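Read the structure below first, then the notes.
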Amino acid sequence: MNTLNLSIIIPLLNEQDSLEELFNRIDTVCRNNKLSYEVWFIDDGSTDLSWSIIENLKIQNPQIHGIKFSKNYGKSQALHAAFEKVNGDVIITMDADLQDFPEEIPELYEMVKLGNYDIVSGWKKKRFDNVMTKNIPSKLFNSAARKVSGVSLHDFNCGLKAYKKQVVKSIDVYGDMHRYIPVLAANAGFRNITEKPVQHQARPYGTSKFGTERFVRGFLDLVTLWFVSRFGGRPMHFFGAAGTLMFIIGFLSAIWLGISKLIDVYIFKVYGNLIANNPWFFIALTMMIMGSLLFVAGFLGELIIRTNREHKNYHIEELI
């Protein structure tokens, strides 16, 4: 029987200055609250001493585990690798930069275990980031994400989240979809999702690894997620329907052009007007071609989703 209460996942990139302090705070909090735990550090291609520090911490602390990527693959791939390994009843993800507070862990754990929530997402109500480059864009992004996804969270980007084990074992995080894990979970049937206001502080060491371009990628991922959540399992319903409609319109337009030509020749005795001179001829032809291509795209999509596509597009260099 699994008696491990917590699995704590910490993706990181060049965070050598914060790792020891972060682990010591986690260890103190878990011991004081009598929570059995494991910590998974995922080194996403660090070029500083982060991995050496993790190895040294592991020597004295067997509850520490580490995954080292051969290069920087991104936060989603780091979470995907850790989700496959963890064994705790409750999974908590947090950033390594000390902006998240490990002291939040016991309450997050209790909310999942006693409140029976599938996901408890952190909400940084008071942020200590740059207003113009992070706070305002984040508010706009979160507002759009709520409207498009139907998941009512104020802070999709908060790295501090708690999950039931069944959730992380049931979803597939890929690309840059880490910020949309609650949406992926909701689409998989885990809809008991809530949020908890959490403390936030300015980064004490280093610099942020995410620039303003993350919001552009975030909006593009949001569009992708909206489409995949509605048609990902049945692409023919979208591409096939659109392609069939375009083909029918183009085909009927071509018939109308042919009938018009016959009427001109046999009824009005008008000769010399070539169908190819009518712009509708090219519109009809284009619509039939595009309709056929969309139908084929839907058919290929149906074949692709039946091939059990693997999203593990990263290479683990070392595992401890």
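As shown in the structure tokens, the chain order sets the letters A, B, ...; within each chain, residues go from 1, and ligands are also counted from 1 in the order they appear.
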
As a tab-separated table (two decimals) with N, CA, C and O atoms, in the first residue's frame, please: the residues near segment 92-96 of chain A (cut-off 7 Å, only C-alpha atoms, same-chain neighbours under 3 positions excluded).
chain	number	residue	atom	x	y	z
A	7	SER	N	4.43	14.05	-3.47
A	7	SER	CA	5.51	14.14	-4.45
A	7	SER	C	5.59	15.61	-4.85
A	7	SER	O	4.60	16.18	-5.30
A	8	ILE	N	6.76	16.20	-4.69
A	8	ILE	CA	6.95	17.61	-5.01
A	8	ILE	C	7.86	17.72	-6.23
A	8	ILE	O	8.98	17.20	-6.22
A	9	ILE	N	7.35	18.35	-7.26
A	9	ILE	CA	8.06	18.44	-8.54
A	9	ILE	C	8.56	19.87	-8.71
A	9	ILE	O	7.79	20.83	-8.63
A	10	ILE	N	9.86	20.00	-9.00
A	10	ILE	CA	10.47	21.32	-9.14
A	10	ILE	C	11.28	21.38	-10.43
A	10	ILE	O	12.44	20.94	-10.47
A	11	PRO	N	10.71	21.91	-11.51
A	11	PRO	CA	11.51	22.15	-12.73
A	11	PRO	C	12.44	23.33	-12.49
A	11	PRO	O	12.10	24.28	-11.77
A	12	LEU	N	13.61	23.29	-13.12
A	12	LEU	CA	14.54	24.39	-12.88
A	12	LEU	C	15.49	24.57	-14.06
A	12	LEU	O	15.75	23.64	-14.83
A	15	GLU	N	19.36	27.56	-11.41
A	15	GLU	CA	18.88	28.08	-10.12
A	15	GLU	C	19.80	27.61	-8.98
A	15	GLU	O	19.35	27.25	-7.90
A	18	SER	N	19.40	28.98	-5.23
A	18	SER	CA	18.18	28.82	-4.44
A	18	SER	C	17.88	27.39	-4.02
A	18	SER	O	17.03	27.16	-3.16
A	19	LEU	N	18.56	26.40	-4.59
A	19	LEU	CA	18.15	25.01	-4.42
A	19	LEU	C	18.27	24.52	-2.98
A	19	LEU	O	17.36	23.86	-2.46
A	100	ASP	N	7.72	31.13	-4.94
A	100	ASP	CA	6.67	30.36	-4.29
A	100	ASP	C	7.12	29.99	-2.87
A	100	ASP	O	8.31	29.80	-2.61
A	159	GLY	N	2.95	28.57	-10.88
A	159	GLY	CA	3.59	27.26	-10.87
A	159	GLY	C	3.24	26.41	-9.68
A	159	GLY	O	3.45	25.19	-9.69
A	160	LEU	N	2.67	27.03	-8.64
A	160	LEU	CA	2.34	26.30	-7.41
A	160	LEU	C	0.94	25.71	-7.53
A	160	LEU	O	-0.07	26.42	-7.45
A	161	LYS	N	0.88	24.40	-7.72
A	161	LYS	CA	-0.39	23.70	-7.88
A	161	LYS	C	-0.32	22.35	-7.18
A	161	LYS	O	0.77	21.77	-7.04
A	162	ALA	N	-1.47	21.85	-6.77
A	162	ALA	CA	-1.56	20.52	-6.16
A	162	ALA	C	-2.55	19.68	-6.95
A	162	ALA	O	-3.61	20.17	-7.37
A	163	TYR	N	-2.22	18.40	-7.14
A	163	TYR	CA	-3.04	17.51	-7.95
A	163	TYR	C	-3.24	16.17	-7.25
A	163	TYR	O	-2.36	15.70	-6.51

Counting only C-alpha atoms, what is within 9 Å of Ser76 of chain A, bar same-chain residues fewer than 4 positions away, as a ChimeraX atom specification? /A:80-81,173-179

Each residue of segment 156-198 of chain A with at least one atom at most 9 Å from segment 109-126 of chain A should appear once, together with its nearest atom pair and the corresponding distance in Å (one decimal); atoms considered: only C-alpha atoms; ordering: chain, then increasing residue number; output as a tab-separated table.
residue	atom	partner	partner_atom	distance
A:Phe156	CA	A:Ser121	CA	7.8
A:Asn157	CA	A:Trp123	CA	8.9
A:Cys158	CA	A:Gly122	CA	5.8
A:Gly159	CA	A:Gly122	CA	7.4
A:Leu160	CA	A:Gly122	CA	5.3
A:Lys161	CA	A:Ser121	CA	4.5
A:Ala162	CA	A:Val120	CA	5.1
A:Tyr163	CA	A:Ile119	CA	4.6
A:Lys164	CA	A:Asp118	CA	5.3
A:Lys165	CA	A:Asp118	CA	8.7
A:Gln166	CA	A:Asp118	CA	8.4
A:Val167	CA	A:Asp118	CA	6.9
A:Pro182	CA	A:Ile119	CA	7.1
A:Ala185	CA	A:Ile119	CA	8.5
A:Phe190	CA	A:Asp118	CA	6.1
A:Arg191	CA	A:Asp118	CA	7.1
A:Asn192	CA	A:Asp118	CA	5.3
A:Ile193	CA	A:Ile119	CA	4.9
A:Thr194	CA	A:Val120	CA	5.1
A:Glu195	CA	A:Ser121	CA	4.4
A:Lys196	CA	A:Gly122	CA	5.1
A:Pro197	CA	A:Trp123	CA	4.5
A:Val198	CA	A:Lys124	CA	5.5

Alpha helix (DSSP H) positions in segment 128-190 of chain A, given as number ranges by chain: A: 136-149, 165-170, 181-187
